[in-house]
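First up is the structure itself, then whatever we jot down about it.
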Amino acid sequence: MGVITYDNEITSSVPPTKMFKAFILDADNLIPKVLPQAIKNVEILEGDGGVGTIKLITFGEGSQYKSVKHRVDEIDEANCTYNYSIIEGDVLEAGDLEKISYDVKIEAAADGGSICKTKSTYHTKGLKEITEEKIKEGKEKAHAMFKAIEGRDGNGAGPGRGGAGGSRGGAGRPLGPANRPG
């Protein structure tokens with residue numbers, strides 16, 4: 001098995017705790033509303049949203065993939081960290097991947113906003129490789145999703161967005177499924 005890792009950072013004018021709530025905790029409901037072409041819906045199959053929860057993420061009609069199963073590996077609201085893995089779905093099968101893991105941390109920026117740091121780890125079958133082009137595509141999708149959430153309601157990740165739960169792409173969220181190279 002090969003392992004390919006890359007890091008990504010996205011800045012936001014929204015403070016870290018507010019962005020974590022929108023991008024992670026409320027993402028299951030928010031992303032299908034903000035980016036329905038990327039993610040059609042998120043359904044919890046097992047668990048309560050915490051560690052060990054398994055989610056079925058169904059992509060929007062514009063996606064080349066149908067769905068993935070996402071497992072919550074760690075969530076720490078106090079430190080704005082979230083780790084999850086894609087454990088099943090056509091995104092793995094199409095890319096000769098065994099698993100994709102994401103480590104997300106949203107930190108305070110000097111200007112009062114936040115920096116979303118994501119480490120993506122691709123566990124390939126055999127010695128398969130992921131091209132720089134595919135990595136760039138994944139980063140661009142994660143960035144678009146993050147900025148769409150940031151701009152929700154015209155004032156950042158404020159109240160009135162609904163929902164609980166969370167996965168990102170990517171991202172992500174960079175979470176989220178829409179930020180996967182492929």
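A note on labels: chains of the structure tokens are A, B, ... as shown, every chain counts residues from 1, and ligands are counted from 1 in their shown order.
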Neighbour list for Lys99 of chain A as a compact mmCIF listing (two decimals) with N, CA and C atoms, in the first residue's frame, cut-off 12 Å, only C-alpha atoms, skip fewer than 3 positions in-chain:
```txt
# COMPACT_ATOMS: atom_id res chain seq x y z
N MET A 1 0.84 -1.17 0.00
CA MET A 1 0.00 0.00 0.00
C MET A 1 0.89 1.23 0.00
N GLY A 2 0.52 2.21 -0.82
CA GLY A 2 1.21 3.49 -0.83
C GLY A 2 0.45 4.50 0.00
N VAL A 3 1.15 5.51 0.46
CA VAL A 3 0.51 6.58 1.22
C VAL A 3 0.95 7.90 0.62
N ILE A 4 -0.03 8.74 0.28
CA ILE A 4 0.22 10.06 -0.28
C ILE A 4 -0.45 11.06 0.62
N VAL A 68 -20.27 8.13 -0.81
CA VAL A 68 -19.20 7.57 0.01
C VAL A 68 -19.73 7.35 1.41
N LYS A 69 -19.05 6.46 2.13
CA LYS A 69 -19.30 6.31 3.56
C LYS A 69 -18.13 6.96 4.27
N HIS A 70 -18.48 7.74 5.28
CA HIS A 70 -17.55 8.60 6.00
C HIS A 70 -17.63 8.22 7.47
N ARG A 71 -16.48 7.99 8.11
CA ARG A 71 -16.45 7.64 9.53
C ARG A 71 -15.79 8.77 10.32
N TYR A 84 -11.63 12.56 10.11
CA TYR A 84 -12.58 11.60 9.55
C TYR A 84 -11.93 10.84 8.40
N SER A 85 -12.55 9.72 8.05
CA SER A 85 -12.04 8.88 6.97
C SER A 85 -13.16 8.50 6.02
N ILE A 86 -12.82 8.44 4.74
CA ILE A 86 -13.71 7.88 3.73
C ILE A 86 -13.37 6.40 3.69
N ILE A 87 -14.34 5.56 4.02
CA ILE A 87 -14.07 4.12 4.18
C ILE A 87 -14.71 3.25 3.11
N GLU A 88 -15.62 3.83 2.33
CA GLU A 88 -16.31 3.04 1.30
C GLU A 88 -16.91 3.98 0.28
N GLY A 89 -17.02 3.52 -0.96
CA GLY A 89 -17.68 4.30 -2.00
C GLY A 89 -16.93 4.30 -3.30
N ASP A 90 -17.61 4.79 -4.33
CA ASP A 90 -17.04 4.74 -5.67
C ASP A 90 -15.82 5.64 -5.83
N VAL A 91 -15.66 6.66 -5.00
CA VAL A 91 -14.47 7.50 -5.07
C VAL A 91 -13.22 6.68 -4.74
N LEU A 92 -13.35 5.71 -3.85
CA LEU A 92 -12.22 4.83 -3.52
C LEU A 92 -11.97 3.84 -4.65
N GLU A 93 -13.05 3.24 -5.13
CA GLU A 93 -12.93 2.23 -6.17
C GLU A 93 -12.36 2.81 -7.46
N ALA A 94 -12.81 4.00 -7.83
CA ALA A 94 -12.37 4.62 -9.08
C ALA A 94 -10.90 5.05 -9.00
N GLY A 95 -10.44 5.38 -7.80
CA GLY A 95 -9.07 5.87 -7.65
C GLY A 95 -8.09 4.85 -7.14
N ASP A 96 -8.48 3.57 -7.09
CA ASP A 96 -7.61 2.53 -6.56
C ASP A 96 -7.12 2.87 -5.15
N TYR A 102 -8.72 12.49 6.69
CA TYR A 102 -8.59 13.94 6.75
C TYR A 102 -8.45 14.37 8.20
N SER A 120 -4.59 15.77 4.26
CA SER A 120 -5.28 14.70 3.56
C SER A 120 -4.31 13.56 3.31
N THR A 121 -4.71 12.35 3.68
CA THR A 121 -3.85 11.18 3.51
C THR A 121 -4.59 10.14 2.68
N TYR A 122 -4.01 9.79 1.54
CA TYR A 122 -4.59 8.83 0.62
C TYR A 122 -3.84 7.52 0.75
N HIS A 123 -4.55 6.46 1.10
CA HIS A 123 -3.97 5.12 1.22
C HIS A 123 -4.32 4.37 -0.06
N THR A 124 -3.32 4.21 -0.93
CA THR A 124 -3.57 3.61 -2.23
C THR A 124 -3.40 2.10 -2.19
N LYS A 125 -4.04 1.44 -3.13
CA LYS A 125 -3.86 0.00 -3.32
C LYS A 125 -2.57 -0.18 -4.11
N ARG A 180 -12.32 15.64 -2.83
CA ARG A 180 -11.48 14.54 -3.17
C ARG A 180 -10.94 14.65 -4.57
```
Let's see if you can do this: from backbone DSSP, list all strand (DSSP E) residues in segment 6-139 of chain A, as a compact mmCIF listing (two decimals) with N, CA, C and O atoms, in the first residue's frame.
```txt
# COMPACT_ATOMS: atom_id res chain seq x y z
N TYR A 6 -0.99 15.34 1.59
CA TYR A 6 -0.78 16.75 1.27
C TYR A 6 -1.51 17.62 2.26
O TYR A 6 -2.48 17.22 2.89
N ASP A 7 -0.99 18.83 2.43
CA ASP A 7 -1.55 19.80 3.36
C ASP A 7 -2.17 20.94 2.58
O ASP A 7 -1.72 21.28 1.47
N ASN A 8 -3.18 21.55 3.18
CA ASN A 8 -3.88 22.67 2.56
C ASN A 8 -4.27 23.65 3.65
O ASN A 8 -4.62 23.25 4.76
N GLU A 9 -4.21 24.95 3.35
CA GLU A 9 -4.65 25.98 4.27
C GLU A 9 -5.57 26.94 3.54
O GLU A 9 -5.29 27.33 2.42
N ILE A 10 -6.66 27.31 4.22
CA ILE A 10 -7.61 28.26 3.67
C ILE A 10 -7.89 29.28 4.76
O ILE A 10 -8.19 28.91 5.90
N THR A 11 -7.83 30.55 4.43
CA THR A 11 -8.10 31.60 5.40
C THR A 11 -9.53 32.08 5.29
O THR A 11 -10.17 31.98 4.23
N SER A 12 -10.03 32.62 6.40
CA SER A 12 -11.40 33.12 6.46
C SER A 12 -11.46 34.33 7.38
O SER A 12 -10.68 34.43 8.32
N ILE A 39 -22.99 18.22 -2.90
CA ILE A 39 -23.49 17.20 -1.98
C ILE A 39 -25.00 17.31 -1.91
O ILE A 39 -25.55 18.34 -1.52
N LYS A 40 -25.67 16.22 -2.29
CA LYS A 40 -27.13 16.18 -2.29
C LYS A 40 -27.68 16.02 -0.88
O LYS A 40 -28.59 16.72 -0.47
N ASN A 41 -27.13 15.05 -0.11
CA ASN A 41 -27.57 14.88 1.26
C ASN A 41 -26.57 14.05 2.06
O ASN A 41 -25.70 13.41 1.50
N VAL A 42 -26.74 14.12 3.39
CA VAL A 42 -25.91 13.36 4.31
C VAL A 42 -26.85 12.64 5.27
O VAL A 42 -27.75 13.25 5.84
N GLU A 43 -26.64 11.33 5.41
CA GLU A 43 -27.50 10.51 6.27
C GLU A 43 -26.62 9.77 7.27
O GLU A 43 -25.63 9.14 6.89
N ILE A 44 -26.98 9.86 8.55
CA ILE A 44 -26.26 9.10 9.57
C ILE A 44 -26.77 7.66 9.54
O ILE A 44 -27.96 7.42 9.72
N LEU A 45 -25.86 6.71 9.31
CA LEU A 45 -26.20 5.29 9.27
C LEU A 45 -26.02 4.64 10.63
O LEU A 45 -26.78 3.74 10.99
N GLU A 46 -24.98 5.06 11.36
CA GLU A 46 -24.68 4.53 12.69
C GLU A 46 -24.15 5.66 13.54
O GLU A 46 -23.42 6.51 13.06
N ILE A 54 -20.96 6.67 11.40
CA ILE A 54 -20.81 6.37 9.97
C ILE A 54 -21.90 7.15 9.23
O ILE A 54 -23.08 7.07 9.58
N LYS A 55 -21.49 7.88 8.20
CA LYS A 55 -22.42 8.70 7.41
C LYS A 55 -22.37 8.27 5.95
O LYS A 55 -21.32 7.92 5.44
N LEU A 56 -23.53 8.33 5.31
CA LEU A 56 -23.60 8.12 3.87
C LEU A 56 -23.76 9.49 3.24
O LEU A 56 -24.74 10.20 3.51
N ILE A 57 -22.80 9.86 2.42
CA ILE A 57 -22.82 11.16 1.75
C ILE A 57 -23.13 10.91 0.29
O ILE A 57 -22.39 10.20 -0.40
N THR A 58 -24.23 11.47 -0.17
CA THR A 58 -24.66 11.32 -1.56
C THR A 58 -24.31 12.60 -2.29
O THR A 58 -24.71 13.70 -1.89
N PHE A 59 -23.54 12.48 -3.37
CA PHE A 59 -23.10 13.64 -4.12
C PHE A 59 -24.21 14.18 -5.02
O PHE A 59 -25.15 13.46 -5.38
N SER A 67 -21.65 8.21 -4.21
CA SER A 67 -21.70 8.35 -2.75
C SER A 67 -20.44 7.79 -2.10
O SER A 67 -19.66 7.08 -2.73
N VAL A 68 -20.27 8.13 -0.81
CA VAL A 68 -19.20 7.57 0.01
C VAL A 68 -19.73 7.35 1.41
O VAL A 68 -20.71 7.97 1.83
N LYS A 69 -19.05 6.46 2.13
CA LYS A 69 -19.30 6.31 3.56
C LYS A 69 -18.13 6.96 4.27
O LYS A 69 -16.97 6.74 3.94
N HIS A 70 -18.48 7.74 5.28
CA HIS A 70 -17.55 8.60 6.00
C HIS A 70 -17.63 8.22 7.47
O HIS A 70 -18.72 8.09 8.00
N ARG A 71 -16.48 7.99 8.11
CA ARG A 71 -16.45 7.64 9.53
C ARG A 71 -15.79 8.77 10.32
O ARG A 71 -14.71 9.23 9.97
N VAL A 72 -16.45 9.21 11.39
CA VAL A 72 -15.88 10.23 12.28
C VAL A 72 -14.85 9.54 13.16
O VAL A 72 -15.18 8.62 13.90
N ASP A 73 -13.59 9.98 13.08
CA ASP A 73 -12.51 9.37 13.85
C ASP A 73 -12.21 10.16 15.12
O ASP A 73 -11.79 9.58 16.13
N GLU A 74 -12.39 11.46 15.08
CA GLU A 74 -12.13 12.31 16.25
C GLU A 74 -12.84 13.63 16.04
O GLU A 74 -12.90 14.16 14.93
N ILE A 75 -13.38 14.19 17.12
CA ILE A 75 -13.97 15.52 17.07
C ILE A 75 -13.73 16.19 18.40
O ILE A 75 -13.97 15.61 19.46
N ASP A 76 -13.15 17.40 18.36
CA ASP A 76 -12.83 18.15 19.56
C ASP A 76 -13.27 19.60 19.33
O ASP A 76 -12.53 20.40 18.75
N THR A 81 -10.90 20.80 16.22
CA THR A 81 -10.27 19.78 15.39
C THR A 81 -11.29 18.70 15.04
O THR A 81 -12.20 18.42 15.80
N TYR A 82 -11.10 18.12 13.87
CA TYR A 82 -12.01 17.10 13.36
C TYR A 82 -11.24 16.17 12.44
O TYR A 82 -10.55 16.63 11.53
N ASN A 83 -11.31 14.88 12.70
CA ASN A 83 -10.65 13.89 11.85
C ASN A 83 -11.70 12.90 11.37
O ASN A 83 -12.54 12.46 12.16
N TYR A 84 -11.63 12.56 10.11
CA TYR A 84 -12.58 11.60 9.55
C TYR A 84 -11.93 10.84 8.40
O TYR A 84 -10.90 11.24 7.88
N SER A 85 -12.55 9.72 8.05
CA SER A 85 -12.04 8.88 6.97
C SER A 85 -13.16 8.50 6.02
O SER A 85 -14.29 8.27 6.45
N ILE A 86 -12.82 8.44 4.74
CA ILE A 86 -13.71 7.88 3.73
C ILE A 86 -13.37 6.40 3.69
O ILE A 86 -12.24 6.03 3.38
N ILE A 87 -14.34 5.56 4.02
CA ILE A 87 -14.07 4.12 4.18
C ILE A 87 -14.71 3.25 3.11
O ILE A 87 -14.39 2.06 3.00
N GLU A 88 -15.62 3.83 2.33
CA GLU A 88 -16.31 3.04 1.30
C GLU A 88 -16.91 3.98 0.28
O GLU A 88 -17.27 5.11 0.59
N GLY A 89 -17.02 3.52 -0.96
CA GLY A 89 -17.68 4.30 -2.00
C GLY A 89 -16.93 4.30 -3.30
O GLY A 89 -15.78 3.89 -3.39
N LEU A 97 -8.05 3.35 -4.32
CA LEU A 97 -7.72 3.76 -2.96
C LEU A 97 -8.36 2.82 -1.95
O LEU A 97 -9.48 2.34 -2.15
N GLU A 98 -7.67 2.56 -0.87
CA GLU A 98 -8.23 1.77 0.23
C GLU A 98 -9.00 2.66 1.19
O GLU A 98 -10.04 2.28 1.72
N LYS A 99 -8.47 3.87 1.44
CA LYS A 99 -9.06 4.78 2.42
C LYS A 99 -8.48 6.16 2.19
O LYS A 99 -7.38 6.30 1.69
N ILE A 100 -9.26 7.18 2.58
CA ILE A 100 -8.78 8.55 2.59
C ILE A 100 -9.05 9.09 3.99
O ILE A 100 -10.18 8.98 4.49
N SER A 101 -8.04 9.68 4.62
CA SER A 101 -8.20 10.25 5.95
C SER A 101 -7.95 11.75 5.89
O SER A 101 -7.07 12.21 5.15
N TYR A 102 -8.72 12.49 6.69
CA TYR A 102 -8.59 13.94 6.75
C TYR A 102 -8.45 14.37 8.20
O TYR A 102 -9.20 13.93 9.07
N ASP A 103 -7.46 15.23 8.46
CA ASP A 103 -7.28 15.85 9.76
C ASP A 103 -7.49 17.35 9.56
O ASP A 103 -6.75 17.98 8.79
N VAL A 104 -8.48 17.90 10.24
CA VAL A 104 -8.85 19.30 10.07
C VAL A 104 -8.65 20.04 11.38
O VAL A 104 -9.07 19.56 12.44
N LYS A 105 -8.04 21.21 11.31
CA LYS A 105 -7.91 22.09 12.47
C LYS A 105 -8.19 23.50 12.02
O LYS A 105 -7.61 23.97 11.04
N ILE A 106 -9.09 24.16 12.73
CA ILE A 106 -9.40 25.56 12.42
C ILE A 106 -8.81 26.40 13.55
O ILE A 106 -9.19 26.25 14.71
N GLU A 107 -7.85 27.25 13.19
CA GLU A 107 -7.11 28.06 14.15
C GLU A 107 -7.43 29.53 14.00
O GLU A 107 -7.87 29.97 12.93
N ALA A 108 -7.12 30.29 15.04
CA ALA A 108 -7.30 31.74 15.01
C ALA A 108 -6.23 32.36 14.11
O ALA A 108 -5.07 31.95 14.12
N SER A 114 -9.94 33.14 10.76
CA SER A 114 -9.44 31.80 11.03
C SER A 114 -8.64 31.26 9.86
O SER A 114 -8.70 31.78 8.74
N ILE A 115 -7.89 30.21 10.16
CA ILE A 115 -7.14 29.47 9.16
C ILE A 115 -7.56 28.01 9.30
O ILE A 115 -7.46 27.43 10.38
N CYS A 116 -8.07 27.44 8.23
CA CYS A 116 -8.46 26.03 8.23
C CYS A 116 -7.30 25.25 7.63
O CYS A 116 -6.94 25.42 6.47
N LYS A 117 -6.69 24.40 8.48
CA LYS A 117 -5.57 23.58 8.06
C LYS A 117 -6.05 22.14 7.91
O LYS A 117 -6.63 21.59 8.83
N THR A 118 -5.81 21.58 6.75
CA THR A 118 -6.25 20.21 6.47
C THR A 118 -5.07 19.37 5.99
O THR A 118 -4.32 19.79 5.12
N LYS A 119 -4.95 18.20 6.58
CA LYS A 119 -3.98 17.21 6.11
C LYS A 119 -4.79 16.06 5.53
O LYS A 119 -5.61 15.46 6.21
N SER A 120 -4.59 15.77 4.26
CA SER A 120 -5.28 14.70 3.56
C SER A 120 -4.31 13.56 3.31
O SER A 120 -3.21 13.79 2.80
N THR A 121 -4.71 12.35 3.68
CA THR A 121 -3.85 11.18 3.51
C THR A 121 -4.59 10.14 2.68
O THR A 121 -5.66 9.68 3.07
N TYR A 122 -4.01 9.79 1.54
CA TYR A 122 -4.59 8.83 0.62
C TYR A 122 -3.84 7.52 0.75
O TYR A 122 -2.62 7.47 0.54
N HIS A 123 -4.55 6.46 1.10
CA HIS A 123 -3.97 5.12 1.22
C HIS A 123 -4.32 4.37 -0.06
O HIS A 123 -5.47 3.98 -0.26
N THR A 124 -3.32 4.21 -0.93
CA THR A 124 -3.57 3.61 -2.23
C THR A 124 -3.40 2.10 -2.19
O THR A 124 -2.73 1.55 -1.32
```
Within segment 20-163 of chain A, find each residue whose DSSP state, derived from the backbone, is alpha helix (DSSP H), and express the selection as a ChimeraX atom specification. /A:20,27-34,90-94,132-150
Between atom CA of Ala38 of chain A and atom CA of Ala144 of chain A - distance in Å to one decimal: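 Taking atom CA of Ala144 of chain A and atom CA of Ala38 of chain A, their separation equals 10.3 Å.
Taking atom CA of Gly112 of chain A and atom CA of Glu140 of chain A as endpoints, the distance between them is 24.0 Å.
We find atom CA of Ala110 of chain A and atom CA of Leu35 of chain A to be spaced 29.0 Å apart.
The residue that comes closest to Phe23 of chain A, out of A:Glu133, A:Glu150, A:Asp48, A:Asp111 and on the basis of only C-alpha atoms, is A:Glu150.
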